[in-house]
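S.K.: Here you go, upload-v7.cif (mmCIF, C-alpha atoms):
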data_data
loop_
_atom_site.group_PDB
_atom_site.id
_atom_site.type_symbol
_atom_site.label_atom_id
_atom_site.label_comp_id
_atom_site.auth_asym_id
_atom_site.auth_seq_id
_atom_site.Cartn_x
_atom_site.Cartn_y
_atom_site.Cartn_z
ATOM 1 C CA MET A 291 61.131 -2.787 -48.650
ATOM 2 C CA THR A 292 58.776 -2.757 -45.675
ATOM 3 C CA ALA A 293 55.935 -1.336 -47.761
ATOM 4 C CA ILE A 294 56.557 -3.954 -50.451
ATOM 5 C CA ALA A 295 56.606 -6.759 -47.871
ATOM 6 C CA GLU A 296 53.411 -5.521 -46.270
ATOM 7 C CA GLY A 297 51.759 -5.209 -49.671
ATOM 8 C CA THR A 298 52.749 -8.813 -50.425
ATOM 9 C CA VAL A 299 51.703 -10.304 -47.055
ATOM 10 C CA ARG A 300 48.346 -8.582 -46.671
ATOM 11 C CA PRO A 301 46.794 -9.890 -49.924
ATOM 12 C CA ALA A 302 48.105 -13.359 -49.104
ATOM 13 C CA ALA A 303 46.564 -13.232 -45.620
ATOM 14 C CA ALA A 304 43.291 -11.919 -47.010
ATOM 15 C CA GLU A 305 43.264 -14.692 -49.594
ATOM 16 C CA HIS A 306 43.885 -17.300 -46.858
ATOM 17 C CA VAL A 307 41.009 -15.929 -44.725
ATOM 18 C CA SER A 308 38.602 -15.861 -47.675
ATOM 19 C CA ARG A 309 39.604 -19.404 -48.630
ATOM 20 C CA ALA A 310 38.997 -20.644 -45.067
ATOM 21 C CA ALA A 311 35.622 -18.886 -44.997
ATOM 22 C CA GLY A 312 34.706 -20.449 -48.319
ATOM 23 C CA GLU A 313 35.680 -23.928 -47.085
ATOM 24 C CA SER A 314 33.693 -23.542 -43.837
ATOM 25 C CA ARG A 315 30.536 -22.310 -45.582
ATOM 26 C CA PRO A 316 29.492 -25.767 -46.920
ATOM 27 C CA ILE A 317 30.061 -27.215 -43.442
ATOM 28 C CA ARG A 318 27.746 -24.595 -41.936
ATOM 29 C CA TYR A 319 25.127 -25.406 -44.551
ATOM 30 C CA LEU A 320 25.459 -29.115 -43.801
ATOM 31 C CA VAL A 321 25.111 -28.543 -40.037
ATOM 32 C CA GLY A 322 22.099 -26.307 -40.639
ATOM 33 C CA ALA A 323 20.466 -28.951 -42.842
ATOM 34 C CA VAL A 324 21.028 -31.627 -40.200
ATOM 35 C CA CYS A 325 19.537 -29.363 -37.505
ATOM 36 C CA VAL A 326 16.478 -28.671 -39.665
ATOM 37 C CA ALA A 327 16.027 -32.396 -40.349
ATOM 38 C CA VAL A 328 16.267 -33.314 -36.664
ATOM 39 C CA SER A 329 13.880 -30.507 -35.695
ATOM 40 C CA THR A 330 11.398 -31.677 -38.314
ATOM 41 C CA VAL A 331 11.493 -35.241 -37.012
ATOM 42 C CA MET A 332 11.013 -34.039 -33.422
ATOM 43 C CA LEU A 333 8.207 -31.590 -34.197
ATOM 44 C CA ALA A 334 6.286 -33.762 -36.664
ATOM 45 C CA PRO A 335 4.420 -35.811 -34.000
ATOM 46 C CA ILE A 336 3.359 -32.645 -32.166
ATOM 47 C CA VAL A 337 2.135 -30.971 -35.362
ATOM 48 C CA LEU A 338 0.251 -34.087 -36.473
ATOM 49 C CA GLY A 339 -1.260 -34.435 -33.002
ATOM 50 C CA PHE A 340 -2.464 -30.833 -33.083
ATOM 51 C CA LEU A 341 -3.992 -31.324 -36.552
ATOM 52 C CA ALA A 342 -5.783 -34.443 -35.301
ATOM 53 C CA SER A 343 -7.102 -32.537 -32.279
ATOM 54 C CA ILE A 344 -8.857 -29.912 -34.410
ATOM 55 C CA LYS A 345 -10.575 -32.450 -36.669
ATOM 56 C CA PRO A 346 -14.220 -33.410 -36.176
ATOM 57 C CA ALA A 347 -14.585 -36.673 -34.259
ATOM 58 C CA ALA A 348 -15.609 -38.568 -37.407
ATOM 59 C CA ASP A 349 -12.529 -37.389 -39.321
ATOM 60 C CA ALA A 350 -10.185 -38.124 -36.393
ATOM 61 C CA ARG A 351 -11.187 -41.798 -36.289
ATOM 62 C CA GLN A 352 -11.262 -42.200 -40.063
ATOM 63 C CA SER A 353 -9.364 -45.195 -41.469
ATOM 64 C CA PRO A 354 -7.041 -44.799 -43.259
ATOM 65 C CA PRO A 355 -6.262 -41.526 -41.478
ATOM 66 C CA THR A 356 -5.746 -38.218 -43.232
ATOM 67 C CA TYR A 357 -3.051 -35.831 -42.130
ATOM 68 C CA LEU A 358 -4.809 -32.546 -42.924
ATOM 69 C CA PRO A 359 -8.268 -31.830 -41.485
ATOM 70 C CA HIS A 360 -11.110 -31.426 -43.981
ATOM 71 C CA ALA A 361 -12.912 -29.157 -41.495
ATOM 72 C CA LEU A 362 -11.902 -27.380 -38.293
ATOM 73 C CA SER A 363 -13.624 -28.194 -35.020
ATOM 74 C CA LEU A 364 -12.974 -27.631 -31.312
ATOM 75 C CA GLU A 365 -15.349 -30.348 -30.140
ATOM 76 C CA ASN A 366 -12.433 -32.504 -28.971
ATOM 77 C CA TYR A 367 -11.183 -29.727 -26.682
ATOM 78 C CA PHE A 368 -14.686 -29.138 -25.297
ATOM 79 C CA LYS A 369 -14.948 -32.862 -24.628
ATOM 80 C CA VAL A 370 -11.666 -32.805 -22.680
ATOM 81 C CA PHE A 371 -12.642 -29.685 -20.697
ATOM 82 C CA GLU A 372 -15.908 -31.285 -19.627
ATOM 83 C CA PHE A 373 -14.609 -34.819 -19.097
ATOM 84 C CA GLN A 374 -15.731 -36.400 -15.777
ATOM 85 C CA ALA A 375 -14.551 -34.128 -12.914
ATOM 86 C CA GLY A 376 -13.433 -31.431 -15.369
ATOM 87 C CA LEU A 377 -10.066 -30.580 -16.867
ATOM 88 C CA TRP A 378 -9.313 -27.875 -14.282
ATOM 89 C CA THR A 379 -9.570 -30.450 -11.481
ATOM 90 C CA TYR A 380 -6.954 -32.679 -13.097
ATOM 91 C CA LEU A 381 -4.709 -29.740 -13.977
ATOM 92 C CA SER A 382 -4.846 -28.382 -10.431
ATOM 93 C CA ASN A 383 -4.047 -31.828 -9.026
ATOM 94 C CA SER A 384 -1.026 -32.196 -11.317
ATOM 95 C CA LEU A 385 0.189 -28.666 -10.540
ATOM 96 C CA LEU A 386 -0.159 -29.271 -6.788
ATOM 97 C CA VAL A 387 1.743 -32.557 -6.921
ATOM 98 C CA ALA A 388 4.450 -31.044 -9.153
ATOM 99 C CA ALA A 389 4.845 -28.006 -6.863
ATOM 100 C CA LEU A 390 5.156 -30.212 -3.777
ATOM 101 C CA THR A 391 7.681 -32.397 -5.590
ATOM 102 C CA ILE A 392 9.815 -29.366 -6.487
ATOM 103 C CA VAL A 393 9.739 -27.986 -2.937
ATOM 104 C CA ILE A 394 10.589 -31.296 -1.252
ATOM 105 C CA CYS A 395 13.213 -32.164 -3.853
ATOM 106 C CA LEU A 396 15.024 -28.823 -3.481
ATOM 107 C CA ALA A 397 14.734 -28.894 0.316
ATOM 108 C CA LEU A 398 16.591 -32.213 0.354
ATOM 109 C CA ALA A 399 18.903 -31.904 -2.667
ATOM 110 C CA VAL A 400 20.330 -28.434 -1.944
ATOM 111 C CA PRO A 401 21.801 -29.186 1.536
ATOM 112 C CA ALA A 402 22.833 -32.690 0.425
ATOM 113 C CA GLY A 403 24.639 -31.354 -2.644
ATOM 114 C CA TYR A 404 26.238 -28.572 -0.595
ATOM 115 C CA GLY A 405 27.514 -31.019 2.026
ATOM 116 C CA LEU A 406 28.889 -33.453 -0.555
ATOM 117 C CA ALA A 407 30.594 -30.646 -2.482
ATOM 118 C CA ARG A 408 32.077 -28.560 0.346
ATOM 119 C CA PHE A 409 32.546 -30.651 3.506
ATOM 120 C CA ARG A 410 35.151 -33.263 4.301
ATOM 121 C CA ILE A 411 33.033 -36.306 5.055
ATOM 122 C CA PRO A 412 34.527 -39.744 5.737
ATOM 123 C CA PHE A 413 33.907 -42.055 2.759
ATOM 124 C CA LYS A 414 32.177 -39.196 0.960
ATOM 125 C CA GLU A 415 32.451 -40.789 -2.471
ATOM 126 C CA VAL A 416 31.034 -44.057 -1.141
ATOM 127 C CA TRP A 417 28.008 -42.237 0.274
ATOM 128 C CA PHE A 418 27.601 -40.398 -2.999
ATOM 129 C CA ILE A 419 27.563 -43.668 -4.957
ATOM 130 C CA ILE A 420 25.020 -45.109 -2.519
ATOM 131 C CA LEU A 421 22.797 -42.065 -3.079
ATOM 132 C CA LEU A 422 23.028 -42.570 -6.843
ATOM 133 C CA ALA A 423 22.453 -46.344 -6.661
ATOM 134 C CA PRO A 424 18.624 -46.066 -6.875
ATOM 135 C CA LEU A 425 19.060 -44.760 -10.441
ATOM 136 C CA MET A 426 20.089 -48.298 -11.422
ATOM 137 C CA ILE A 427 16.906 -49.848 -9.993
ATOM 138 C CA PRO A 428 13.739 -49.797 -12.160
ATOM 139 C CA TYR A 429 11.349 -47.587 -10.269
ATOM 140 C CA GLN A 430 8.491 -50.003 -10.980
ATOM 141 C CA ALA A 431 10.174 -52.415 -8.553
ATOM 142 C CA LEU A 432 9.948 -49.796 -5.780
ATOM 143 C CA LEU A 433 6.251 -49.024 -6.121
ATOM 144 C CA THR A 434 4.913 -52.080 -4.270
ATOM 145 C CA PRO A 435 6.963 -51.589 -1.062
ATOM 146 C CA LEU A 436 6.335 -47.848 -1.251
ATOM 147 C CA TYR A 437 2.593 -48.387 -1.559
ATOM 148 C CA LEU A 438 2.531 -50.751 1.439
ATOM 149 C CA THR A 439 4.582 -48.298 3.505
ATOM 150 C CA PHE A 440 2.503 -45.277 2.514
ATOM 151 C CA SER A 441 -0.743 -47.154 3.144
ATOM 152 C CA LYS A 442 0.266 -47.806 6.743
ATOM 153 C CA ALA A 443 1.226 -44.124 7.106
ATOM 154 C CA GLY A 444 -2.079 -42.900 5.631
ATOM 155 C CA LEU A 445 -0.451 -41.303 2.582
ATOM 156 C CA ALA A 446 -1.591 -43.752 -0.114
ATOM 157 C CA ASN A 447 -4.383 -41.566 -1.516
ATOM 158 C CA SER A 448 -3.055 -38.062 -0.952
ATOM 159 C CA HIS A 449 -1.269 -35.576 -3.159
ATOM 160 C CA LEU A 450 1.464 -35.205 -0.532
ATOM 161 C CA GLY A 451 2.128 -38.951 -0.630
ATOM 162 C CA LEU A 452 2.282 -38.941 -4.437
ATOM 163 C CA ALA A 453 4.664 -35.966 -4.353
ATOM 164 C CA MET A 454 6.884 -37.858 -1.896
ATOM 165 C CA VAL A 455 6.966 -40.827 -4.287
ATOM 166 C CA HIS A 456 7.954 -38.545 -7.166
ATOM 167 C CA THR A 457 10.633 -36.997 -4.945
ATOM 168 C CA ILE A 458 12.064 -40.407 -4.112
ATOM 169 C CA LEU A 459 12.310 -41.202 -7.815
ATOM 170 C CA GLN A 460 13.900 -37.834 -8.703
ATOM 171 C CA LEU A 461 16.136 -37.193 -5.674
ATOM 172 C CA PRO A 462 19.329 -39.067 -6.761
ATOM 173 C CA PHE A 463 19.574 -37.079 -9.990
ATOM 174 C CA SER A 464 18.795 -33.841 -8.125
ATOM 175 C CA ILE A 465 21.595 -34.438 -5.617
ATOM 176 C CA TYR A 466 23.982 -35.171 -8.475
ATOM 177 C CA MET A 467 23.081 -31.904 -10.210
ATOM 178 C CA MET A 468 23.336 -29.806 -7.035
ATOM 179 C CA ARG A 469 26.711 -31.271 -6.123
ATOM 180 C CA ASN A 470 28.075 -30.347 -9.540
ATOM 181 C CA ALA A 471 26.558 -26.857 -9.262
ATOM 182 C CA PHE A 472 28.196 -26.182 -5.889
ATOM 183 C CA GLU A 473 31.543 -27.658 -6.940
ATOM 184 C CA SER A 474 31.690 -25.251 -9.905
ATOM 185 C CA ILE A 475 31.777 -22.243 -7.517
ATOM 186 C CA PRO A 476 35.354 -21.059 -6.725
ATOM 187 C CA ARG A 477 36.613 -21.990 -3.269
ATOM 188 C CA GLU A 478 38.101 -18.513 -2.828
ATOM 189 C CA LEU A 479 34.599 -17.159 -2.218
ATOM 190 C CA GLU A 480 34.028 -19.684 0.550
ATOM 191 C CA GLU A 481 37.387 -18.902 2.132
ATOM 192 C CA ALA A 482 36.656 -15.160 2.034
ATOM 193 C CA ALA A 483 33.314 -15.768 3.745
ATOM 194 C CA LYS A 484 35.011 -17.782 6.488
ATOM 195 C CA VAL A 485 37.507 -14.977 7.039
ATOM 196 C CA ASP A 486 34.566 -12.592 7.502
ATOM 197 C CA GLY A 487 33.138 -14.916 10.160
ATOM 198 C CA SER A 488 30.243 -16.456 8.217
ATOM 199 C CA SER A 489 28.923 -19.813 9.332
ATOM 200 C CA SER A 490 28.282 -22.656 6.902
ATOM 201 C CA TRP A 491 24.557 -21.843 6.655
ATOM 202 C CA GLN A 492 25.268 -18.137 6.162
ATOM 203 C CA THR A 493 27.752 -18.966 3.411
ATOM 204 C CA LEU A 494 25.209 -21.242 1.754
ATOM 205 C CA ARG A 495 22.430 -18.649 1.976
ATOM 206 C CA SER A 496 24.384 -15.535 1.036
ATOM 207 C CA ILE A 497 26.976 -16.820 -1.446
ATOM 208 C CA PHE A 498 26.284 -20.274 -2.799
ATOM 209 C CA LEU A 499 22.538 -20.132 -3.372
ATOM 210 C CA PRO A 500 22.640 -16.952 -5.522
ATOM 211 C CA LEU A 501 25.492 -18.404 -7.598
ATOM 212 C CA ALA A 502 23.801 -21.802 -7.906
ATOM 213 C CA VAL A 503 20.493 -20.453 -9.261
ATOM 214 C CA PRO A 504 20.983 -22.134 -12.693
ATOM 215 C CA GLY A 505 21.498 -25.505 -11.016
ATOM 216 C CA ILE A 506 18.501 -24.983 -8.721
ATOM 217 C CA VAL A 507 16.291 -24.039 -11.665
ATOM 218 C CA THR A 508 17.508 -27.094 -13.603
ATOM 219 C CA VAL A 509 16.655 -29.401 -10.702
ATOM 220 C CA GLY A 510 13.247 -27.757 -10.311
ATOM 221 C CA LEU A 511 12.533 -28.042 -14.044
ATOM 222 C CA PHE A 512 13.426 -31.725 -14.147
ATOM 223 C CA ALA A 513 11.362 -32.395 -11.024
ATOM 224 C CA PHE A 514 8.369 -30.620 -12.566
ATOM 225 C CA ILE A 515 8.544 -32.492 -15.875
ATOM 226 C CA ALA A 516 9.069 -35.862 -14.167
ATOM 227 C CA SER A 517 6.140 -35.297 -11.801
ATOM 228 C CA TRP A 518 3.859 -33.838 -14.463
ATOM 229 C CA ASN A 519 4.340 -36.772 -16.868
ATOM 230 C CA GLU A 520 4.496 -39.622 -14.337
ATOM 231 C CA PHE A 521 1.657 -42.112 -14.787
ATOM 232 C CA LEU A 522 2.253 -45.465 -13.098
ATOM 233 C CA SER A 523 2.692 -44.363 -9.490
ATOM 234 C CA ALA A 524 -0.225 -41.908 -9.837
ATOM 235 C CA LEU A 525 -2.408 -44.760 -11.099
ATOM 236 C CA ILE A 526 -1.393 -47.017 -8.186
ATOM 237 C CA PHE A 527 -1.473 -44.500 -5.338
ATOM 238 C CA MET A 528 -4.612 -42.531 -6.268
ATOM 239 C CA ASN A 529 -8.062 -44.157 -6.292
ATOM 240 C CA LYS A 530 -10.410 -41.149 -6.177
ATOM 241 C CA GLU A 531 -11.589 -39.639 -9.425
ATOM 242 C CA THR A 532 -11.300 -36.104 -8.055
ATOM 243 C CA SER A 533 -7.658 -36.777 -7.099
ATOM 244 C CA PHE A 534 -6.473 -38.028 -10.489
ATOM 245 C CA THR A 535 -3.693 -36.229 -12.367
ATOM 246 C CA VAL A 536 -3.536 -35.335 -16.057
ATOM 247 C CA PRO A 537 -1.819 -38.579 -17.265
ATOM 248 C CA ILE A 538 -4.597 -40.684 -15.715
ATOM 249 C CA MET A 539 -7.199 -38.405 -17.288
ATOM 250 C CA LEU A 540 -5.585 -38.935 -20.716
ATOM 251 C CA VAL A 541 -5.901 -42.704 -20.398
ATOM 252 C CA SER A 542 -9.570 -42.354 -19.452
ATOM 253 C CA VAL A 543 -10.491 -39.795 -22.107
ATOM 254 C CA ARG A 544 -9.226 -41.949 -24.968
ATOM 255 C CA ALA A 545 -11.919 -44.603 -24.420
ATOM 256 C CA GLY A 546 -14.515 -44.449 -27.172
ATOM 257 C CA ARG A 547 -17.519 -46.601 -27.925
ATOM 258 C CA LEU A 548 -17.297 -50.406 -27.906
ATOM 259 C CA GLY A 549 -13.598 -50.397 -27.041
ATOM 260 C CA SER A 550 -12.570 -47.973 -29.778
ATOM 261 C CA VAL A 551 -10.103 -45.131 -29.213
ATOM 262 C CA ASP A 552 -11.275 -41.534 -29.385
ATOM 263 C CA TRP A 553 -8.194 -40.235 -31.180
ATOM 264 C CA GLY A 554 -9.400 -36.662 -31.445
ATOM 265 C CA ALA A 555 -10.077 -36.255 -27.707
ATOM 266 C CA LEU A 556 -6.835 -38.065 -26.870
ATOM 267 C CA GLN A 557 -4.754 -35.757 -29.071
ATOM 268 C CA ALA A 558 -6.522 -32.694 -27.649
ATOM 269 C CA GLY A 559 -5.641 -33.861 -24.135
ATOM 270 C CA VAL A 560 -2.042 -34.493 -25.161
ATOM 271 C CA ILE A 561 -1.678 -30.980 -26.615
ATOM 272 C CA ILE A 562 -3.127 -29.452 -23.428
ATOM 273 C CA ALA A 563 -0.788 -31.553 -21.278
ATOM 274 C CA ILE A 564 2.268 -30.488 -23.313
ATOM 275 C CA LEU A 565 1.666 -26.739 -23.005
ATOM 276 C CA PRO A 566 2.713 -26.230 -19.317
ATOM 277 C CA CYS A 567 6.005 -28.066 -19.872
ATOM 278 C CA VAL A 568 6.789 -26.065 -23.012
ATOM 279 C CA LEU A 569 5.928 -22.729 -21.388
ATOM 280 C CA ILE A 570 7.999 -23.388 -18.262
ATOM 281 C CA TYR A 571 10.948 -24.572 -20.347
ATOM 282 C CA LEU A 572 10.846 -21.465 -22.550
ATOM 283 C CA LEU A 573 10.680 -19.180 -19.504
ATOM 284 C CA LEU A 574 13.593 -20.898 -17.741
ATOM 285 C CA GLN A 575 15.662 -21.887 -20.766
ATOM 286 C CA LYS A 576 18.660 -19.646 -20.028
ATOM 287 C CA TYR A 577 18.950 -20.958 -16.467
ATOM 288 C CA TYR A 578 18.514 -24.538 -17.679
ATOM 289 C CA VAL A 579 21.366 -24.263 -20.208
ATOM 290 C CA ALA A 580 23.601 -22.455 -17.706
ATOM 291 C CA GLY A 581 22.970 -25.149 -15.109
ATOM 292 C CA PHE A 582 24.139 -27.888 -17.439
ATOM 293 C CA LEU A 583 27.195 -25.899 -18.524
ATOM 294 C CA ASN A 584 28.201 -25.196 -14.920
ATOM 295 C CA GLY A 585 28.004 -28.880 -14.120
ATOM 296 C CA ALA A 586 29.955 -29.813 -17.243
ATOM 297 C CA VAL A 587 32.885 -27.397 -16.792
ATOM 298 C CA LYS A 588 33.274 -27.635 -13.023
#
Translate this structure into structure tokens?
M.R.:
Amino acid sequence: MTAIAEGTVRPAAAEHVSRAAGESRPIRYLVGAVCVAVSTVMLAPIVLGFLASIKPAADARQSPPTYLPHALSLENYFKVFEFQAGLWTYLSNSLLVAALTIVICLALAVPAGYGLARFRIPFKEVWFIILLAPLMIPYQALLTPLYLTFSKAGLANSHLGLAMVHTILQLPFSIYMMRNAFESIPRELEEAAKVDGSSSWQTLRSIFLPLAVPGIVTVGLFAFIASWNEFLSALIFMNKETSFTVPIMLVSVRAGRLGSVDWGALQAGVIIAILPCVLIYLLLQKYYVAGFLNGAVK
């Protein structure tokens, strides 16, 4: 009887599994098709921009435009490399400002997030909301008072001053991310460190920072991208050609003759500006995804 029952149940179970697999297969195909469609829409502007950047200047400004180049040329890239002070000057300025922004942002966000996550502070949630309040203010409204303040302090035309402005704009989000990262770490580890006699700074340095690396990398990545792509404050605070960043260079390089737009040089500059962000994201992708998951499942 047992053998008969098993022989009856097993085919039925196998049939149920195969039926469920068959029903889920169209859903997987549908999800895959949607992902391909979304990826195509997102990548199409980048591909078209790259194709425009390798066209000769005459083809790039042709009207109506053509999507595929009739001939390949790197003259647009040479024009960008040799533009005014030189591409390397603008790249180095942007990298310096972005690096300073990351350092200052982490130096302020890490202890702030640690304190808000682990210490009993009176009205802690109120202070946290106050720290996040600047996210609700358009940053364009802050640039005028910041410029007047930085001018009096002698920081209006320096890379350090611009990095401080970028830090001010990015700091609320960074504190939010670091607080979530530290709150996702089990309290038992902190209690064990206290039993061993560790101070708060020793616990932060030896236990929390190694476990919060995904959150730290996420904050650094967002600070880099925000600083690298920021245009308005760089345009207002910097007035020396040799101090300009890449976004300002892109606005200048697009100017053609008699008010026309040099589309080929502009697209070449855009492709060059995209590459550092893409490379850094690909290198730090696993930490970036882990940082968001830690904050989501705290």
S.K.: Tell me, as a list in words, which residues lie within 9 Å of A:Phe418, counting all atoms listed in the file; anything in the same chain fewer than 3 positions away does not count.
M.R.: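 Using all atoms listed in the file, the neighbours found are Leu406, Phe413, Lys414, Glu415, Leu421, Leu422, Ala423, Ile465 and Tyr466 of chain A.
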S.K.: Hey, what comes out of the PyMOL selection byres ((chain A and resi 366) around 10) on this file? Could you write it as a PyMOL selection string?
M.R.: chain A and resi 342-347+350+363-365+367-371+552-559
S.K.: Could you spell out the hits of the PyMOL selection byres ((chain A and resi 437) around 10) on the shown file, as a PDB file with C-alpha atoms, keeping the file's coordinate frame?
M.R.:
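Below is the file that was written, part_32.pdb:
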ATOM      1  CA  LEU A 432       9.948 -49.796  -5.780  1.00  0.00           C
ATOM      2  CA  LEU A 433       6.251 -49.024  -6.121  1.00  0.00           C
ATOM      3  CA  THR A 434       4.913 -52.080  -4.270  1.00  0.00           C
ATOM      4  CA  PRO A 435       6.963 -51.589  -1.062  1.00  0.00           C
ATOM      5  CA  LEU A 436       6.335 -47.848  -1.251  1.00  0.00           C
ATOM      6  CA  LEU A 438       2.531 -50.751   1.439  1.00  0.00           C
ATOM      7  CA  THR A 439       4.582 -48.298   3.505  1.00  0.00           C
ATOM      8  CA  PHE A 440       2.503 -45.277   2.514  1.00  0.00           C
ATOM      9  CA  SER A 441      -0.743 -47.154   3.144  1.00  0.00           C
ATOM     10  CA  LYS A 442       0.266 -47.806   6.743  1.00  0.00           C
ATOM     11  CA  ALA A 443       1.226 -44.124   7.106  1.00  0.00           C
ATOM     12  CA  LEU A 445      -0.451 -41.303   2.582  1.00  0.00           C
ATOM     13  CA  ALA A 446      -1.591 -43.752  -0.114  1.00  0.00           C
ATOM     14  CA  ASN A 447      -4.383 -41.566  -1.516  1.00  0.00           C
ATOM     15  CA  GLY A 451       2.128 -38.951  -0.630  1.00  0.00           C
ATOM     16  CA  LEU A 452       2.282 -38.941  -4.437  1.00  0.00           C
ATOM     17  CA  VAL A 455       6.966 -40.827  -4.287  1.00  0.00           C
ATOM     18  CA  SER A 523       2.692 -44.363  -9.490  1.00  0.00           C
ATOM     19  CA  ILE A 526      -1.393 -47.017  -8.186  1.00  0.00           C
ATOM     20  CA  PHE A 527      -1.473 -44.500  -5.338  1.00  0.00           C
TER      21      PHE A 527
END
S.K.: Please write the residues picked by the PyMOL selection byres ((chain A and resi 403) around 12) on this file as a compact mmCIF listing (two decimals) with C-alpha atoms, in the frame of the given file.
M.R.:
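Heads up, here's the output in expr-v3.txt:
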# COMPACT_ATOMS: atom_id res chain seq x y z
CA CYS A 395 13.21 -32.16 -3.85
CA LEU A 396 15.02 -28.82 -3.48
CA ALA A 397 14.73 -28.89 0.32
CA LEU A 398 16.59 -32.21 0.35
CA ALA A 399 18.90 -31.90 -2.67
CA VAL A 400 20.33 -28.43 -1.94
CA PRO A 401 21.80 -29.19 1.54
CA ALA A 402 22.83 -32.69 0.42
CA TYR A 404 26.24 -28.57 -0.60
CA GLY A 405 27.51 -31.02 2.03
CA LEU A 406 28.89 -33.45 -0.56
CA ALA A 407 30.59 -30.65 -2.48
CA ARG A 408 32.08 -28.56 0.35
CA PHE A 409 32.55 -30.65 3.51
CA LYS A 414 32.18 -39.20 0.96
CA TRP A 417 28.01 -42.24 0.27
CA PHE A 418 27.60 -40.40 -3.00
CA LEU A 421 22.80 -42.06 -3.08
CA LEU A 461 16.14 -37.19 -5.67
CA PRO A 462 19.33 -39.07 -6.76
CA PHE A 463 19.57 -37.08 -9.99
CA SER A 464 18.80 -33.84 -8.12
CA ILE A 465 21.60 -34.44 -5.62
CA TYR A 466 23.98 -35.17 -8.48
CA MET A 467 23.08 -31.90 -10.21
CA MET A 468 23.34 -29.81 -7.04
CA ARG A 469 26.71 -31.27 -6.12
CA ASN A 470 28.08 -30.35 -9.54
CA ALA A 471 26.56 -26.86 -9.26
CA PHE A 472 28.20 -26.18 -5.89
CA GLU A 473 31.54 -27.66 -6.94
CA SER A 474 31.69 -25.25 -9.90
CA LEU A 494 25.21 -21.24 1.75
CA PHE A 498 26.28 -20.27 -2.80
CA LEU A 499 22.54 -20.13 -3.37
CA ALA A 502 23.80 -21.80 -7.91
CA GLY A 505 21.50 -25.50 -11.02
CA ILE A 506 18.50 -24.98 -8.72
CA VAL A 509 16.66 -29.40 -10.70
S.K.: Work out where the centre of an axis-aligned box around every listed atom of stretch 331-341 of chain A lies and how long its edges are once 5 Å is added on each side; give both in Å to one decimal as JSON.
M.R.:
{"center_x": 3.8, "center_y": -33.3, "center_z": -34.6, "size_x": 25.5, "size_y": 15.0, "size_z": 14.8}
S.K.: Please identify every residue of stretch 379-436 of chain A that has at least one atom no farther than 8 Å from an atom of stretch 534-542 of chain A, counting only C-alpha atoms, and for each give the shortest atom pair and the distance in Å to one decimal, arranged by chain then increasing number, as a tab-separated table.
M.R.:
residue	atom	partner	partner_atom	distance
A:Tyr380	CA	A:Thr535	CA	4.9
A:Leu381	CA	A:Val536	CA	6.1
A:Asn383	CA	A:Thr535	CA	5.5
A:Ser384	CA	A:Thr535	CA	4.9
S.K.: Enter the distance from atom CA of A:Pro566 to atom CA of A:Leu385, in Å, rounded to one decimal.
M.R.: 9.5 Å
S.K.: Could you state the separation of atom CA of A:Ala545 and atom CA of A:Ser517 in Å, given to one decimal place?
M.R.: 23.9 Å
S.K.: Excluding stretch 321-337 of chain A and its own-chain neighbours fewer than 6 positions away, which residues fall within 10 Å of it when counting all atoms listed in the file? Please give them as a PyMOL selection string.
M.R.: chain A and resi 315+343+357+557+560-561+564
S.K.: By how many Å are atom CA of A:Ile475 and atom CA of A:Leu501 apart?
M.R.: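 Separation between atom CA of A:Ile475 and atom CA of A:Leu501: 7.4 Å.
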S.K.: So which one's closest to A:Thr532, A:His449, A:Arg544, A:Lys576, A:Arg410? Using all atoms listed in the file, please.
M.R.: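 The answer is A:His449, which sits nearest to A:Thr532.
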S.K.: When you count only C-alpha atoms, which of these residues is closest to A:Val507: A:Glu372, A:Tyr319, A:Phe340, A:Gln575?
M.R.: A:Gln575
S.K.: Looking at only C-alpha atoms, which of A:Thr356, A:Glu531, A:Ser496, A:Ile420 is the one that sits closest to A:Phe373?
M.R.: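 Checking each candidate against A:Phe373, we get A:Glu531 as the closest.
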S.K.: For stretch 316-338 of chain A in the structure I just supplied, write out C-alpha atoms - as a PDB file, in the first residue's frame.
M.R.:
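Output (result.pdb):
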ATOM      1  CA  PRO A 316       5.631  33.452 -19.528  1.00  0.00           C
ATOM      2  CA  ILE A 317       5.914  35.789 -16.533  1.00  0.00           C
ATOM      3  CA  ARG A 318       9.711  35.545 -16.659  1.00  0.00           C
ATOM      4  CA  TYR A 319       9.636  36.288 -20.373  1.00  0.00           C
ATOM      5  CA  LEU A 320       7.385  39.289 -19.775  1.00  0.00           C
ATOM      6  CA  VAL A 321       9.664  40.644 -17.021  1.00  0.00           C
ATOM      7  CA  GLY A 322      12.696  40.115 -19.246  1.00  0.00           C
ATOM      8  CA  ALA A 323      11.018  41.967 -22.122  1.00  0.00           C
ATOM      9  CA  VAL A 324      10.140  44.884 -19.848  1.00  0.00           C
ATOM     10  CA  CYS A 325      13.734  45.031 -18.551  1.00  0.00           C
ATOM     11  CA  VAL A 326      15.101  45.033 -22.105  1.00  0.00           C
ATOM     12  CA  ALA A 327      12.680  47.801 -23.115  1.00  0.00           C
ATOM     13  CA  VAL A 328      13.601  49.979 -20.135  1.00  0.00           C
ATOM     14  CA  SER A 329      17.321  49.395 -20.715  1.00  0.00           C
ATOM     15  CA  THR A 330      16.928  50.344 -24.366  1.00  0.00           C
ATOM     16  CA  VAL A 331      15.166  53.586 -23.477  1.00  0.00           C
ATOM     17  CA  MET A 332      17.853  54.448 -20.907  1.00  0.00           C
ATOM     18  CA  LEU A 333      20.816  53.583 -23.129  1.00  0.00           C
ATOM     19  CA  ALA A 334      19.501  55.098 -26.365  1.00  0.00           C
ATOM     20  CA  PRO A 335      20.541  58.707 -25.551  1.00  0.00           C
ATOM     21  CA  ILE A 336      24.059  57.586 -24.612  1.00  0.00           C
ATOM     22  CA  VAL A 337      24.454  55.511 -27.783  1.00  0.00           C
ATOM     23  CA  LEU A 338      23.120  58.315 -29.986  1.00  0.00           C
TER      24      LEU A 338
END
